[in-house]
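Input: a single structure, listed below in structure tokens.
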Protein chains: 2
Amino acid sequence: MSPKITTELLKQLRQVMKNPKFVQEPVQAYIVPSGDAHQSEYIAPCDCRRAFISGFDGSAGTAIVTEQHAAMWTDGRYFLQAAHQMDNNWTLMKMGLKDTPTQEDWLVSVLPEGSKVGVDPFIIPADQWKRMSKALRSAGHDLVPVKENLIDTIWTDCPQRPCKPLITLDLSYTGVSWRDKIVALRSKMAERKVMWFVVTALDEVAWLFNLRGSDVEYNPVFFAYAVIGMNTIRLFIDGDRMMNPPVREHLQLDSTLEPEFKIQVMPYGSILSELQAVGAGLSPKEKVWLSDKASYALTEAIPKAYRYLTPYTPICIAKAVKNAAETEGMRRAHIKDAVALCELFNWLEKEVPKGTVTEIIAADKAEEFRSQQKDFVELSFATISSTGPNGAIIHYKPVPETNRTLSVNEIYLLDSGAQYKDGTTDVTRTMHFGTPSAYEKECFTYVLKGHIAVSAAIFPNGTKGHLLDSFARSALWDCGLDYLHGTGHGVGSFLNVHEGPCGISYKTFADEPLEAGMIVSDEPGYYEDGSFGIRIENVVLVIPAETKYNFKNRGSLTFEPLTLVPIQTKMIDVNLLTEKECNWVNEYHQKCREVVGAELERQGRHEALRWLLRETEPLARVQ
Amino acid sequence: MSPKITTELLKQLRQVMKNPKFVQEPVQAYIVPSGDAHQSEYIAPCDCRRAFISGFDGSAGTAIVTEQHAAMWTDGRYFLQAAHQMDNNWTLMKMGLKDTPTQEDWLVSVLPEGSKVGVDPFIIPADQWKRMSKALRSAGHDLVPVKENLIDTIWTDCPQRPCKPLITLDLSYTGVSWRDKIVALRSKMAERKVMWFVVTALDEVAWLFNLRGSDVEYNPVFFAYAVIGMNTIRLFIDGDRMMNPPVREHLQLDSTLEPEFKIQVMPYGSILSELQAVGAGLSPKEKVWLSDKASYALTEAIPKAYRYLTPYTPICIAKAVKNAAETEGMRRAHIKDAVALCELFNWLEKEVPKGTVTEIIAADKAEEFRSQQKDFVELSFATISSTGPNGAIIHYKPVPETNRTLSVNEIYLLDSGAQYKDGTTDVTRTMHFGTPSAYEKECFTYVLKGHIAVSAAIFPNGTKGHLLDSFARSALWDCGLDYLHGTGHGVGSFLNVHEGPCGISYKTFADEPLEAGMIVSDEPGYYEDGSFGIRIENVVLVIPAETKYNFKNRGSLTFEPLTLVPIQTKMIDVNLLTEKECNWVNEYHQKCREVVGAELERQGRHEALRWLLRETEPLARVQ
């Protein structure tokens with residue numbers, strides 16, 4: 001992978017930063033965040049402005065360009081990738097390391113006195129604006145909104161904003177109708193005494209209306225906003241997709257409805273002016289509820305005294321707790337996904353020794369097997385198919401320049417998942433198709449111990465996920481090993497593969513308490529730069545646990561793995577496992593056999609079934 | 001313990017809340033925080049305003065009195081104690097429980113529109129003021145500073161502010177001279193480009209000048225402030241204690257010194273006007289560094305643009321990392337402390353069966369044995385000597401009304417410590433002088449497993465202590481048990497027994513990373529309301545660890561117990577311990593034998609030595 005040459009682009013950007021056509025006053029620095037106007041993690045090509053200006057296309061990163069410097073902040077998952085993709089114009093700022101300055105501190109250290117720092121007010125979340133603006137102001141600088149996005153002014157071949165058809169989901173998938181979701185939302189609004197709720201996150205709009213789209217790759221969402229009043233529903237969405245009869249019927253656009261359920265459809269681009277009109281018409285005590293991560297532009301549309309900002313919206317919280325229909329859908333999706341992976345690993349086992357399987361071929365084959373399954377829609381993220389040293393690039397995606405051939409001499413790490421109409425999957429398995437070294441097995445076994453420690457953890461109802469993060473690290477720490485990423489993220493139900501408000505990470509303390517029905521990933525890892533990467537990931541469902549004393553009736557929780565794909569026993573150093581851990585692996589494999597085995601049988605996939613049976617032979621611990 | 005009758009006091013308080021002699025406008029609510037003007041945890045009798053108005057005298061709690069209500073917020077350590085000490089005028093607000101409103105939310109729910117909420121600006125920390133003021137303002141109320149403390153106006157027999165003599169500490173105790181500490185502080189100030197540093201916490205003043213006092217019980221501090229400029233040192237302190245020749249010599253008050261080390265001594269009460277003068281005389285870019293927990297009154301003395309606020313001051317951070325002289329002092333102090341406790345437990349074992357030992361007698365006896373040790377100064381906190389159900393009151397202190405007699409039928413919990421000139425101790429042991437039940441042993445063993453999990457934890461350099469908290473709970477959680485307090489706190493070196501900026505708690509995320517030389521407590525527990533309390537506490541030193549892979553040279557850390565007091569093996573269900581845990585107990589006891597045994601021998605305490613030898617017999621695990 002050769003870095004993108006950005007000398008000319010940066011020169012152009014620095015020119016428009018001073019061009020009175022675009023900026024009221026010259027800006028000495030310009031911030032290019034990663035997100036779109038909805039603060040999405042995965043974004044449409046037209047929103048990949050940070051990748052355009054820098055070459056670095058990982059999912060997280062913020063670029064700042066000044067007259068002299070260009071710097072990129074990203075986290076441990078992307079240190080190697082960013083270093084590979086960016087040219088010498090860029091300085092990589094490794095977030096999470098002790099000596100890395102914050103964006104604010106760095107700006108203060110490089111800017112001349114009284115500088116203006118520009119940013120697109122639609123792209124920067126209000127909470128980030130506030131923090132950065134305050135830090136800059138206290139150092140004598142100003143954060144200023146630049147209405148025209150400066151990257152767009154130099155991006156001559158910027159793609160169009162997508163506007164693809166919508167999918168409607170019926171009750172068998174969602175469990176709850178959009179009308180009932182509106183009723184529940186309004187009751188939360190009434191509780192907090194707010195009159196309006198502004199839905200800005202794309203997955204929240206999709207979840208609320210039981211609609212899905214494909215405007216953004218991997219995330220089945222569509223560009224839209226919604227503004228919900230106590231008696232009105234406004235949906236801001238473009239294109240003729242609202243003319244589609246099933247969509248009209250689903251939303252009851254042509255029925256005679258009680259007025260409070262009548263959806264007014266408005267152009268996507270009119271959200272700001274409509275919201276400004278709402279803001280201007282508020283009576284005293286009428287509050288408007290927004291996520292504190294909504295864009296600065298939309299937040300500013302509501303006068304400060306009328307804003308009610310929370311880190312997590314009531315939709316985000318309701319969406320995280322899956323109902324019975326969603327849970328059952330997720331189970332079905334994970335069984336189908338396991339069938340595809342059993343096929344894949346069986347195929348790899350035969351093909352890898354021939355030396356003809358590259359990372360890209362393996363990724364494509366995984367997609368092919370998944371696409372054979374019922375209700376398959378698309379992948380849920382770019383497949384991380386990585387062998388040997390590429391495995392140490394935590395969010396690696398194979399491209400022709402980096403594409404390695406799988407061999408019997410290297411560890412292979414596959415982190416992949418799919419969107420099915422009944423659920424979203426995300427699974428990582430680390431395999432060796434030859435004979436792993438003792439060190440590789442040792443590291444793999446520590447990672448497995450961490451995976452089990454989280455998966456089998458029992459904790460009181462209401463515990464926040466971040467309190468479980470260290471369980472995943474303890475076995476690694478004992479030997480002086482660690483990994484530079486969190487342990488788990490929330491997973492949507494045929495929605496974004498990464499969602500809030502819960503997760504398992506040392507970094508997040510604002511997560512909401514875990515409760516039964518939430519779904520998160522459990523994915524500790526270990527990465528040896530230049531050599532290999534190991535990660536073991538299951539998607540797990542929070543379920544009630546049976547404990548001897550049940551926390552004085554507070555209730556006990558634990559996890560149930562939804563992912564049912566064998567963990568390669570060849571990679572396990574059984575002597576490093578406790579009896580309890582060994583039993584966990586055996587019981588897990590027994591469940592894979594029973595549940596996935598039955599489905600393989602049903603689908604007539606006999607060779608993959610034989611592979612499954614062989615891979616799930618019980619471990620025997622030497623006593 | 002009968003509750004304090006507060007009907008008349010509340011009536012008087014509600015009158016002065018409307019009395020124009022004390023308030024510019026009537027206040028509809030008055031907040032009585034726990035702290036003093038230095039935000040101390042332990043306070044002088046003259047500052048115990050919250051206890052005076054409510055009867056509840058635990059170390060943490062905030063009272064709010066409105067025209068109709070009186071409510072007290074406190075945490076899990078004090079739920080039972082507060083319920084016992086307060087009469088029916090008061091509502092107990094159990095912090096940490098899901099349904100308990102915050103002070104702000106509660107105020108908003110009970111106050112009439114447009115209310116004024118008063119508070120003493122010297123008592124409320126600036127960060128709390130800011131948070132509360134914002135929340136109240138957004139609901140249409142106002143937080144207002146009431147200069148005259150309203151409790152003082154009705155507290156007719158309020159004691160005098162203490163002003164006791166000072167102790168000077170030489171280099172053999174402190175390791176670093178006060179001049180060198182000033183030099184280091186100024187270098188931190190230069191790094192952050194601040195011109196002034198205001199020392200507001202009492203332990204920070206004491207540490208900086210290598211002085212100790214006894215104005216506050218248990219904490220060897222004295223009422224003072226300091227303002228450090230790049231070329232000036234101002235110490236605000238009352239009384240004739242600065243006339244004491246050793247103090248004058250220690251501070252070189254009468255020597256010809258470089259001007260930047262010349263200490264100007266000023267009256268304690270002049271801090272506000274002096275700081276206002278500093279604030280008024282600042283040139284642009286001259287910043288003043290304050291803790292964000294400094295009082296609102298002092299913070300307001302510096303115009304906002306000139307303030308540099310941080311959660312932890314450079315003194316707080318420097319003080320936490322003990323140097324070799326301090327570490328050695330702490331070791332010595334803990335050995336002496338262990339000698340006293342061996343004597344105590346040997347004595348208790350003989351006396352308890354006679355039925356003549358009460359909780360108060362046991363606590364007094366512990367103090368007597370400690371006071372026989374070299375350099376003993378005082379206790380480091382009120383001894384928690386609790387038997388049976390009293391043990392479940394987490395911060396219990398025996399008083400005549402509650403004083404139970406120790407017996408062979410109940411668990412006895414002793415949490416105690418002392419100030420020695422060379423160090424501060426804090427140790428909890430839970431003992432049974434008869435035959436513990438299987439359930440008591442089971443619970444004790446889970447607590448012990450948690451204690452060991454933290455004490456033996458290995459983690460990368462720079463890990464924050466809160467990431468270790470769940471290790472202490474895991475064994476309890478597995479059986480559906482938990483405890484409602486943090487696992488550890490920083491410990492001062494002949495200073496406050498609770499100090500920042502590090503600790504081990506699920507509640508604190510703003511803690512500074514652990515580094516070698518820091519000292520914290522490790523004290524998981526389990527409490528069965530109405531029956532018993534169990535806690536096992538050692539003070540532990542953060543030390544470098546040896547690990548196989550050493551975190552890619554980031555460095556490994558672990559803990560070394562400084563406390564060396566046997567853990568009662570009678571209470572341990574050995575079958576619940578892993579081999580590793582069993583070895584930990586045996587090695588710990590071996591060290592107690594060697595180190596404390598030698599000191600008992602040296603002091604000729606042969607009976608206590610025999611007790612120690614018996615109590616440290618190795619555990620034998622049934623294989």
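Going by the structure tokens order, chains are called A, B, ..., each with residues numbered from 1, while ligands are numbered from 1 in the order shown.
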
Restrict the calculation to only C-alpha atoms, then for each residue of chain B with any atom at most 9 Å from an atom of chain A give the closest atom pair and their distance in Å to one decimal, rows by chain and rising residue number, as a Markdown table.
```
| residue | atom | partner | partner_atom | distance |
| --- | --- | --- | --- | --- |
| B:Lys98 | CA | A:Gly462 | CA | 8.6 |
| B:Ser138 | CA | A:Ala305 | CA | 6.9 |
| B:Ala139 | CA | A:Lys285 | CA | 8.7 |
| B:Lys285 | CA | A:Ala139 | CA | 8.8 |
| B:Ala305 | CA | A:Ser138 | CA | 6.9 |
| B:Tyr306 | CA | A:Ser138 | CA | 8.9 |
| B:Ala457 | CA | A:Asp478 | CA | 7.4 |
| B:Ile458 | CA | A:Asp478 | CA | 5.3 |
| B:Phe459 | CA | A:Trp477 | CA | 5.3 |
| B:Pro460 | CA | A:Trp477 | CA | 6.9 |
| B:Gly462 | CA | A:Lys98 | CA | 8.5 |
| B:His466 | CA | A:Leu467 | CA | 8.6 |
| B:Leu467 | CA | A:Ser470 | CA | 6.1 |
| B:Leu468 | CA | A:Ser470 | CA | 6.9 |
| B:Asp469 | CA | A:Leu467 | CA | 7.8 |
| B:Ser470 | CA | A:Leu467 | CA | 6.1 |
| B:Phe471 | CA | A:Phe471 | CA | 7.4 |
| B:Arg473 | CA | A:Phe459 | CA | 8.8 |
| B:Ser474 | CA | A:Ile458 | CA | 7.7 |
| B:Trp477 | CA | A:Phe459 | CA | 5.3 |
| B:Asp478 | CA | A:Ile458 | CA | 5.3 |
| B:Cys479 | CA | A:Lys548 | CA | 5.1 |
| B:Gly480 | CA | A:Asn550 | CA | 4.3 |
| B:Leu481 | CA | A:Phe551 | CA | 5.0 |
| B:Asp482 | CA | A:Phe551 | CA | 6.7 |
| B:Tyr506 | CA | A:Leu467 | CA | 7.1 |
| B:Phe509 | CA | A:Phe509 | CA | 7.3 |
| B:Glu546 | CA | A:Gly480 | CA | 8.4 |
| B:Thr547 | CA | A:Cys479 | CA | 5.1 |
| B:Lys548 | CA | A:Cys479 | CA | 5.1 |
| B:Tyr549 | CA | A:Gly480 | CA | 4.7 |
| B:Asn550 | CA | A:Gly480 | CA | 4.3 |
| B:Phe551 | CA | A:Gly480 | CA | 4.5 |
| B:Lys552 | CA | A:Leu481 | CA | 7.7 |
| B:Gly555 | CA | A:Gly480 | CA | 8.0 |
| B:Ser556 | CA | A:Gly480 | CA | 6.5 |
```

Would you save the residues of that selection, restricted to C-alpha atoms, as a PDB file, in the first residue's frame?
```pdb
ATOM      1  CA  LYS B  98     -30.806   3.704  40.777  1.00  0.00           C
ATOM      2  CA  SER B 138     -31.641  25.715  33.538  1.00  0.00           C
ATOM      3  CA  ALA B 139     -34.703  24.981  35.694  1.00  0.00           C
ATOM      4  CA  LYS B 285      -1.460  35.795  30.049  1.00  0.00           C
ATOM      5  CA  ALA B 305      -9.792  34.433  32.118  1.00  0.00           C
ATOM      6  CA  TYR B 306      -6.815  34.101  34.463  1.00  0.00           C
ATOM      7  CA  ALA B 457      -2.619  -8.351  40.022  1.00  0.00           C
ATOM      8  CA  ILE B 458      -0.055  -7.581  37.368  1.00  0.00           C
ATOM      9  CA  PHE B 459      -0.829  -4.724  35.034  1.00  0.00           C
ATOM     10  CA  PRO B 460       0.926  -2.433  32.564  1.00  0.00           C
ATOM     11  CA  GLY B 462       0.190   3.612  33.526  1.00  0.00           C
ATOM     12  CA  HIS B 466     -10.216   1.866  38.741  1.00  0.00           C
ATOM     13  CA  LEU B 467      -9.498  -0.795  36.109  1.00  0.00           C
ATOM     14  CA  LEU B 468      -8.552  -3.171  38.935  1.00  0.00           C
ATOM     15  CA  ASP B 469     -11.730  -2.731  40.964  1.00  0.00           C
ATOM     16  CA  SER B 470     -13.681  -5.605  39.394  1.00  0.00           C
ATOM     17  CA  PHE B 471     -10.871  -8.049  40.218  1.00  0.00           C
ATOM     18  CA  ARG B 473     -15.464  -8.413  43.192  1.00  0.00           C
ATOM     19  CA  SER B 474     -15.235 -11.329  40.777  1.00  0.00           C
ATOM     20  CA  TRP B 477     -20.115 -11.786  41.959  1.00  0.00           C
ATOM     21  CA  ASP B 478     -19.873 -15.435  40.971  1.00  0.00           C
ATOM     22  CA  CYS B 479     -22.090 -16.235  43.955  1.00  0.00           C
ATOM     23  CA  GLY B 480     -24.347 -13.205  43.694  1.00  0.00           C
ATOM     24  CA  LEU B 481     -22.652 -11.114  46.405  1.00  0.00           C
ATOM     25  CA  ASP B 482     -21.177  -7.585  46.223  1.00  0.00           C
ATOM     26  CA  TYR B 506     -15.687   1.531  40.265  1.00  0.00           C
ATOM     27  CA  PHE B 509     -12.556   7.459  36.520  1.00  0.00           C
ATOM     28  CA  GLU B 546       8.682  -9.131  36.618  1.00  0.00           C
ATOM     29  CA  THR B 547       6.687 -10.436  33.665  1.00  0.00           C
ATOM     30  CA  LYS B 548       7.657 -12.762  30.842  1.00  0.00           C
ATOM     31  CA  TYR B 549       7.095 -10.152  28.095  1.00  0.00           C
ATOM     32  CA  ASN B 550       7.053  -6.839  30.051  1.00  0.00           C
ATOM     33  CA  PHE B 551       4.465  -5.074  27.855  1.00  0.00           C
ATOM     34  CA  LYS B 552       6.975  -4.303  25.071  1.00  0.00           C
ATOM     35  CA  GLY B 555       6.900  -1.887  32.155  1.00  0.00           C
ATOM     36  CA  SER B 556       4.879  -4.043  34.521  1.00  0.00           C
TER      37      SER B 556
END
```

For Pro314 in chain B, list every protein, DNA or RNA residue within 9 Å, evaluated using only C-alpha atoms, and leave out those in the same chain fewer than 6 positions away; present the list as a list in words.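 So, after excluding close chain neighbours, the residues are Leu185, Lys188 and Met189 of chain B.
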
With all heavy atoms retained, write the just-selected residues as a PDB file, in the first residue's frame.
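Wrote it out as selection.pdb, contents follow:
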```
ATOM      1  N   LEU B 185       7.843  22.491  42.246  1.00  0.00           N
ATOM      2  CA  LEU B 185       6.525  23.055  41.961  1.00  0.00           C
ATOM      3  C   LEU B 185       6.636  24.177  40.935  1.00  0.00           C
ATOM      4  O   LEU B 185       5.858  24.247  39.976  1.00  0.00           O
ATOM      5  CB  LEU B 185       5.897  23.567  43.266  1.00  0.00           C
ATOM      6  CG  LEU B 185       4.581  24.337  43.131  1.00  0.00           C
ATOM      7  CD1 LEU B 185       3.492  23.460  42.524  1.00  0.00           C
ATOM      8  CD2 LEU B 185       4.125  24.879  44.494  1.00  0.00           C
ATOM      9  N   LYS B 188       6.967  22.867  37.506  1.00  0.00           N
ATOM     10  CA  LYS B 188       5.667  22.453  36.959  1.00  0.00           C
ATOM     11  C   LYS B 188       4.848  23.679  36.535  1.00  0.00           C
ATOM     12  O   LYS B 188       4.136  23.654  35.526  1.00  0.00           O
ATOM     13  CB  LYS B 188       4.849  21.674  38.004  1.00  0.00           C
ATOM     14  CG  LYS B 188       5.371  20.291  38.285  1.00  0.00           C
ATOM     15  CD  LYS B 188       4.921  19.298  37.213  1.00  0.00           C
ATOM     16  CE  LYS B 188       5.648  17.972  37.384  1.00  0.00           C
ATOM     17  NZ  LYS B 188       5.647  17.180  36.145  1.00  0.00           N
ATOM     18  N   MET B 189       4.944  24.762  37.342  1.00  0.00           N
ATOM     19  CA  MET B 189       4.208  25.984  37.005  1.00  0.00           C
ATOM     20  C   MET B 189       4.732  26.569  35.688  1.00  0.00           C
ATOM     21  O   MET B 189       3.954  26.982  34.821  1.00  0.00           O
ATOM     22  CB  MET B 189       4.343  27.015  38.136  1.00  0.00           C
ATOM     23  CG  MET B 189       3.579  26.631  39.401  1.00  0.00           C
ATOM     24  SD  MET B 189       4.144  27.511  40.901  1.00  0.00           S
ATOM     25  CE  MET B 189       3.805  29.222  40.473  1.00  0.00           C
TER      26      MET B 189
END
```

For range 490-495 of chain A, list every protein, DNA or RNA residue within 6 Å, evaluated using only C-alpha atoms, and leave out those in the same chain fewer than 6 positions away; present the list as number ranges by chain. A: 220, 419, 421, 423-424, 502-503, 519-520

Find the residues around Asp203 in chain B up to 12 Å (only C-alpha atoms counted), leave out those fewer than 5 positions away in its own chain, and share them as a PyMOL selection string. chain B and resi 38-42+208-216+218-226+313+315-316+319-320+491-500

To one decimal place, how far is CA of Lys147 in chain A from CA of Gln12 in chain A in Å? 17.9 Å

Picked from range 255-418 of chain A by DSSP as alpha helix (DSSP H), as a PyMOL selection string: chain A and resi 271-280+296-301+314-320+324-351+359-371

Strand (DSSP E) call set, DSSP backbone run, range 189-403 of chain A, as an MDAnalysis selection string: chainID A and resid 194:199 211:212 224:229 233:237 263:266 287:291 307:310 376:379 384:387

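Between CA of Gln24 in chain A and CA of Gln103 in chain A there is a distance of 23.5 Å.
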
When you draw a straight line from CA of Glu560 in chain B to CA of Tyr588 in chain B, how long is it in Å? 9.9 Å

Just the residues within 10 Å of Leu92 in chain A, please, counting only C-alpha atoms, with nothing from its chain fewer than 4 positions along; format it as an NGL selection string. :A and (63 or 70-74 or 79-80 or 82-83 or 86 or 88 or 100)

Rank nothing, just name the residue among A:Leu576, A:Ile335, A:Val352, A:Ala362 nearest to Glu594 in chain A, using only C-alpha atoms.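 Between A:Leu576, A:Ile335, A:Val352, A:Ala362, the residue approaching Glu594 in chain A most closely is A:Ile335.
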